[in-house]
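Participant: If you scroll down you'll find the structure; I have some questions about it.
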Amino acid sequence: MVRYGIIGAGKIAHRFADSLSREGDELYAISGRSIRKMEAFAEEHPCQKVYLSHEELIEDPEVEAVYLSLPNFMHAEWACKAMRHGKAVLCEKPAALNEAEMNEIRSVSEESHMLFMEAMKNRFTPAFHRAVWLLDSGAIGELKSILVRNGFVLAKERYGTSYITNPEQGGGCLLDIGCYGVSWLQKYLGNDLRIIRTEIRRGPSEMYVNSRMEGNGIDGQLIVAFDQSIPSQAVFTGTSGILEVFPMHRPDHICLKMAKGMREESIPYEGDDFSGEIRHFDRLIAEKASGSDQMSLDDSIACARILDRIRASFPE
């Protein structure tokens, strides 16, 4: 059992707290800015300590690990502060706004000898591992292209009222949704993939991104949006078949299409879509591991670098 502190009490923190309970871990403390919000959170998810200061939570010696669910632009700052106070950090995606911030996180992790992992939950699902096994075993022949896509219509009431539409605070569909897609693409196109061209639609932030890229002789395409509904899926096309994985950000279903026919597999989570990452992170803590072999610091840095390159390719 690991004693967790949760920094930030938004919607995703509620879901994470539910998963902690199912996994047998302890939610020991929470921190946030609003006493009313914190009390409501603690009523739904009982814990021993409620802090109105993030500093107090990371200074509490009883907290073993921190789950960061703050707005994107606050991730790097509080990840580094928590590790300097001796806490293992599981940070909600995207872990940082750019490669420079991720490099700082790695430096602090190495200096403090504290564990850091980005909560890229798609990588911790049974369907992800099944898809990787099929691809690596040549189920669709030689891999030629990958398409990853996802989109939804963001309510206009959130325009200007949330960090999610503020580009200076890490808003925009590229960071919010695109990081999941990049985590698929980098696995096969490599961490030094080349951006060919990118189309965007702007609003309060970038509301639609369609980026084409290439790496290791494989074509890649990332499509994400805040202004239209797009099925969440990863599509792998090979010389002898197609593998579809969906939803791409928390997969639980795959479809293998071959000349001889089609086979679908429902691959449920072992718990829920947070369970895999929590179980993996708990094991790393128990083993006193320096990092994850499923979402390493190198992977997170490279993901941030690719997102930087896509952003740099935005047309004027």
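Note on naming: chains are A, B, ... as they come in the structure tokens, residues start from 1 per chain, ligands start from 1 in the order shown.
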Can you list, as an mmCIF file with C-alpha atoms, in the first residue's frame, every protein, DNA or RNA residue that comes within 9 Å of Arg149 in chain A when you count only C-alpha atoms, leaving out same-chain residues fewer than 6 positions away?

Facilitator:
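Below you can see out.cif, which holds the result:
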```cif
data_model
loop_
_atom_site.group_PDB
_atom_site.id
_atom_site.type_symbol
_atom_site.label_atom_id
_atom_site.label_comp_id
_atom_site.auth_asym_id
_atom_site.auth_seq_id
_atom_site.Cartn_x
_atom_site.Cartn_y
_atom_site.Cartn_z
ATOM 1 C CA ILE A 177 -5.198 15.346 -26.679
ATOM 2 C CA GLY A 178 -2.198 15.162 -28.991
ATOM 3 C CA GLY A 181 -1.281 10.293 -30.094
ATOM 4 C CA ASN A 210 -3.587 17.803 -38.575
ATOM 5 C CA GLN A 221 -0.491 11.381 -39.066
ATOM 6 C CA LEU A 222 -1.902 13.046 -35.951
ATOM 7 C CA ILE A 223 -5.377 14.645 -36.025
ATOM 8 C CA VAL A 224 -6.835 16.224 -32.886
ATOM 9 C CA ALA A 225 -9.578 18.775 -32.363
ATOM 10 C CA ILE A 230 -13.494 12.688 -34.335
ATOM 11 C CA PRO A 231 -13.439 8.982 -33.417
ATOM 12 C CA SER A 232 -10.671 8.193 -30.945
ATOM 13 C CA GLN A 233 -8.531 5.546 -32.587
ATOM 14 C CA ALA A 234 -5.059 4.477 -33.645
ATOM 15 C CA VAL A 235 -4.901 2.843 -37.083
ATOM 16 C CA MET A 248 -6.592 5.625 -28.617
#
```

Participant: Within 9 Å of range 263-282 of chain A, which residues of range 116-200 of chain A show up? Give each one with its shortest atom-to-atom distance in Å (one decimal) and the two atoms involved, counting only C-alpha atoms, rows by chain then rising residue number, as JSON lines.

Facilitator:
```
{"residue": "A:Met117", "atom": "CA", "partner": "A:Phe281", "partner_atom": "CA", "distance": 7.7}
{"residue": "A:Ala119", "atom": "CA", "partner": "A:Glu277", "partner_atom": "CA", "distance": 6.7}
{"residue": "A:Met120", "atom": "CA", "partner": "A:Glu277", "partner_atom": "CA", "distance": 7.9}
{"residue": "A:Lys121", "atom": "CA", "partner": "A:Glu277", "partner_atom": "CA", "distance": 6.0}
{"residue": "A:Asn122", "atom": "CA", "partner": "A:Asp273", "partner_atom": "CA", "distance": 8.0}
{"residue": "A:Arg123", "atom": "CA", "partner": "A:Glu277", "partner_atom": "CA", "distance": 8.1}
{"residue": "A:Phe124", "atom": "CA", "partner": "A:Gly276", "partner_atom": "CA", "distance": 4.9}
{"residue": "A:Thr125", "atom": "CA", "partner": "A:Gly276", "partner_atom": "CA", "distance": 5.9}
{"residue": "A:Pro126", "atom": "CA", "partner": "A:Tyr269", "partner_atom": "CA", "distance": 6.4}
{"residue": "A:Ala127", "atom": "CA", "partner": "A:Ile267", "partner_atom": "CA", "distance": 5.5}
{"residue": "A:Arg130", "atom": "CA", "partner": "A:Ile267", "partner_atom": "CA", "distance": 8.5}
```

Participant: Let's have the selection written as a short mmCIF file (atom, residue, chain, number, x, y, z; two decimals), in the first residue's frame, with C-alpha atoms.

Facilitator:
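After the write, again18.cif holds the following:
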```
data_model
loop_
_atom_site.label_atom_id
_atom_site.label_comp_id
_atom_site.auth_asym_id
_atom_site.auth_seq_id
_atom_site.Cartn_x
_atom_site.Cartn_y
_atom_site.Cartn_z
CA MET A 117 6.47 9.12 -14.21
CA ALA A 119 0.57 9.29 -16.38
CA MET A 120 0.24 8.38 -20.07
CA LYS A 121 -2.48 5.90 -19.27
CA ASN A 122 -2.91 4.43 -22.75
CA ARG A 123 0.47 2.71 -22.31
CA PHE A 124 -0.69 0.85 -19.20
CA THR A 125 -3.77 -0.86 -20.62
CA PRO A 126 -3.96 -4.54 -21.63
CA ALA A 127 -5.16 -3.47 -25.10
CA ARG A 130 -1.87 -6.65 -27.02
#
```

Participant: When DSSP is applied to the backbone of this structure, which of range 55-202 of chain A are assigned alpha helix (DSSP H)? Write them out as number ranges by chain.

Facilitator: A: 55-59, 75-84, 99-112, 126-136, 173-176, 178-189

Participant: Do a neighbour search on Lys81 in chain A at 12 Å with only C-alpha atoms, toss out local chain neighbours closer than 5 positions, and write the hits as a PDB file with N, CA, C and O atoms, in the first residue's frame.

Facilitator:
```
ATOM      1  N   ILE A   7      -2.527  16.513  -5.458  1.00  0.00           N
ATOM      2  CA  ILE A   7      -2.441  17.967  -5.590  1.00  0.00           C
ATOM      3  C   ILE A   7      -3.354  18.397  -6.729  1.00  0.00           C
ATOM      4  O   ILE A   7      -3.119  18.066  -7.893  1.00  0.00           O
ATOM      5  N   HIS A  54      -0.367  23.668  -1.325  1.00  0.00           N
ATOM      6  CA  HIS A  54       0.365  22.535  -1.897  1.00  0.00           C
ATOM      7  C   HIS A  54       1.682  22.320  -1.153  1.00  0.00           C
ATOM      8  O   HIS A  54       2.146  21.176  -1.025  1.00  0.00           O
ATOM      9  N   GLU A  55       2.298  23.402  -0.674  1.00  0.00           N
ATOM     10  CA  GLU A  55       3.551  23.291   0.074  1.00  0.00           C
ATOM     11  C   GLU A  55       3.377  22.413   1.307  1.00  0.00           C
ATOM     12  O   GLU A  55       4.233  21.580   1.621  1.00  0.00           O
ATOM     13  N   GLU A  56       2.260  22.605   2.019  1.00  0.00           N
ATOM     14  CA  GLU A  56       2.032  21.809   3.218  1.00  0.00           C
ATOM     15  C   GLU A  56       1.927  20.328   2.892  1.00  0.00           C
ATOM     16  O   GLU A  56       2.403  19.478   3.653  1.00  0.00           O
ATOM     17  N   LEU A  57       1.275  20.019   1.774  1.00  0.00           N
ATOM     18  CA  LEU A  57       1.143  18.606   1.404  1.00  0.00           C
ATOM     19  C   LEU A  57       2.505  17.987   1.113  1.00  0.00           C
ATOM     20  O   LEU A  57       2.809  16.897   1.607  1.00  0.00           O
ATOM     21  N   ILE A  58       3.328  18.652   0.334  1.00  0.00           N
ATOM     22  CA  ILE A  58       4.612  18.032  -0.020  1.00  0.00           C
ATOM     23  C   ILE A  58       5.594  18.038   1.145  1.00  0.00           C
ATOM     24  O   ILE A  58       6.573  17.283   1.133  1.00  0.00           O
ATOM     25  N   GLU A  59       5.330  18.855   2.158  1.00  0.00           N
ATOM     26  CA  GLU A  59       6.175  18.862   3.350  1.00  0.00           C
ATOM     27  C   GLU A  59       5.736  17.826   4.381  1.00  0.00           C
ATOM     28  O   GLU A  59       6.455  17.561   5.343  1.00  0.00           O
ATOM     29  N   VAL A  66       3.002  11.545  -4.741  1.00  0.00           N
ATOM     30  CA  VAL A  66       2.103  12.630  -5.123  1.00  0.00           C
ATOM     31  C   VAL A  66       1.548  12.364  -6.513  1.00  0.00           C
ATOM     32  O   VAL A  66       2.296  11.999  -7.425  1.00  0.00           O
ATOM     33  N   LEU A  68      -0.138  14.482  -9.377  1.00  0.00           N
ATOM     34  CA  LEU A  68      -0.326  15.871  -9.792  1.00  0.00           C
ATOM     35  C   LEU A  68      -1.433  15.958 -10.820  1.00  0.00           C
ATOM     36  O   LEU A  68      -1.312  15.421 -11.923  1.00  0.00           O
ATOM     37  N   MET A  74       1.257  24.172 -14.537  1.00  0.00           N
ATOM     38  CA  MET A  74       1.774  24.051 -13.173  1.00  0.00           C
ATOM     39  C   MET A  74       2.482  22.722 -12.920  1.00  0.00           C
ATOM     40  O   MET A  74       3.049  22.506 -11.841  1.00  0.00           O
ATOM     41  N   HIS A  75       2.463  21.821 -13.886  1.00  0.00           N
ATOM     42  CA  HIS A  75       3.009  20.481 -13.675  1.00  0.00           C
ATOM     43  C   HIS A  75       4.486  20.492 -13.340  1.00  0.00           C
ATOM     44  O   HIS A  75       4.916  19.889 -12.347  1.00  0.00           O
ATOM     45  N   ALA A  76       5.300  21.122 -14.167  1.00  0.00           N
ATOM     46  CA  ALA A  76       6.747  21.064 -13.973  1.00  0.00           C
ATOM     47  C   ALA A  76       7.147  21.672 -12.628  1.00  0.00           C
ATOM     48  O   ALA A  76       7.978  21.107 -11.897  1.00  0.00           O
ATOM     49  N   GLY A  86      11.282  14.861  -1.406  1.00  0.00           N
ATOM     50  CA  GLY A  86      11.360  13.419  -1.198  1.00  0.00           C
ATOM     51  C   GLY A  86      10.129  12.635  -1.580  1.00  0.00           C
ATOM     52  O   GLY A  86       9.924  11.523  -1.077  1.00  0.00           O
ATOM     53  N   LYS A  87       9.300  13.173  -2.488  1.00  0.00           N
ATOM     54  CA  LYS A  87       8.091  12.469  -2.908  1.00  0.00           C
ATOM     55  C   LYS A  87       8.264  11.888  -4.311  1.00  0.00           C
ATOM     56  O   LYS A  87       8.762  12.565  -5.221  1.00  0.00           O
ATOM     57  N   ALA A  88       7.823  10.640  -4.480  1.00  0.00           N
ATOM     58  CA  ALA A  88       7.684  10.091  -5.823  1.00  0.00           C
ATOM     59  C   ALA A  88       6.516  10.808  -6.494  1.00  0.00           C
ATOM     60  O   ALA A  88       5.521  11.118  -5.837  1.00  0.00           O
ATOM     61  N   VAL A  89       6.642  11.082  -7.801  1.00  0.00           N
ATOM     62  CA  VAL A  89       5.637  11.888  -8.491  1.00  0.00           C
ATOM     63  C   VAL A  89       5.057  11.133  -9.690  1.00  0.00           C
ATOM     64  O   VAL A  89       5.787  10.721 -10.587  1.00  0.00           O
ATOM     65  N   GLU A 104      14.228  19.806 -17.188  1.00  0.00           N
ATOM     66  CA  GLU A 104      14.359  20.240 -15.793  1.00  0.00           C
ATOM     67  C   GLU A 104      13.824  19.165 -14.855  1.00  0.00           C
ATOM     68  O   GLU A 104      14.434  18.872 -13.810  1.00  0.00           O
ATOM     69  N   ILE A 105      12.703  18.561 -15.212  1.00  0.00           N
ATOM     70  CA  ILE A 105      12.124  17.497 -14.392  1.00  0.00           C
ATOM     71  C   ILE A 105      13.109  16.336 -14.274  1.00  0.00           C
ATOM     72  O   ILE A 105      13.322  15.788 -13.185  1.00  0.00           O
ATOM     73  N   VAL A 108      15.983  17.230 -11.863  1.00  0.00           N
ATOM     74  CA  VAL A 108      15.590  17.182 -10.448  1.00  0.00           C
ATOM     75  C   VAL A 108      15.379  15.736 -10.001  1.00  0.00           C
ATOM     76  O   VAL A 108      15.762  15.357  -8.885  1.00  0.00           O
ATOM     77  N   SER A 109      14.793  14.898 -10.863  1.00  0.00           N
ATOM     78  CA  SER A 109      14.613  13.488 -10.527  1.00  0.00           C
ATOM     79  C   SER A 109      15.957  12.817 -10.266  1.00  0.00           C
ATOM     80  O   SER A 109      16.115  12.059  -9.294  1.00  0.00           O
ATOM     81  N   SER A 112      17.634  14.387  -6.979  1.00  0.00           N
ATOM     82  CA  SER A 112      16.950  14.026  -5.735  1.00  0.00           C
ATOM     83  C   SER A 112      16.825  12.515  -5.544  1.00  0.00           C
ATOM     84  O   SER A 112      16.427  12.055  -4.467  1.00  0.00           O
ATOM     85  N   MET A 114      14.601  10.695  -6.897  1.00  0.00           N
ATOM     86  CA  MET A 114      13.182  10.425  -6.713  1.00  0.00           C
ATOM     87  C   MET A 114      12.539  10.010  -8.037  1.00  0.00           C
ATOM     88  O   MET A 114      12.893  10.504  -9.100  1.00  0.00           O
ATOM     89  N   PHE A 116       9.914   9.712 -10.979  1.00  0.00           N
ATOM     90  CA  PHE A 116       8.932  10.533 -11.698  1.00  0.00           C
ATOM     91  C   PHE A 116       8.385   9.716 -12.845  1.00  0.00           C
ATOM     92  O   PHE A 116       9.140   9.051 -13.569  1.00  0.00           O
TER      93      PHE A 116
END
```

Participant: Find, counting only C-alpha atoms, the residue in A:Gly172, A:Pro247, A:Gly238, A:Pro94 that gets nearest to Ile301 in chain A.

Facilitator: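 Nearest to Ile301 in chain A: A:Pro94.
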
Participant: I need the residue nearest Pro46 in chain A from this list: A:Ala17, A:Val63, A:Ala82, A:Ala9. Use only C-alpha atoms for the distance.

Facilitator: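 Closest residue, counting only C-alpha atoms: A:Ala17.
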
Participant: Based on the backbone DSSP call, show me all residues of range 114-281 of chain A assigned strand (DSSP E or B), as number ranges by chain.

Facilitator: A: 116-119, 143-153, 194-202, 206-215, 218-225, 227-238, 241-246, 253-258, 261-266
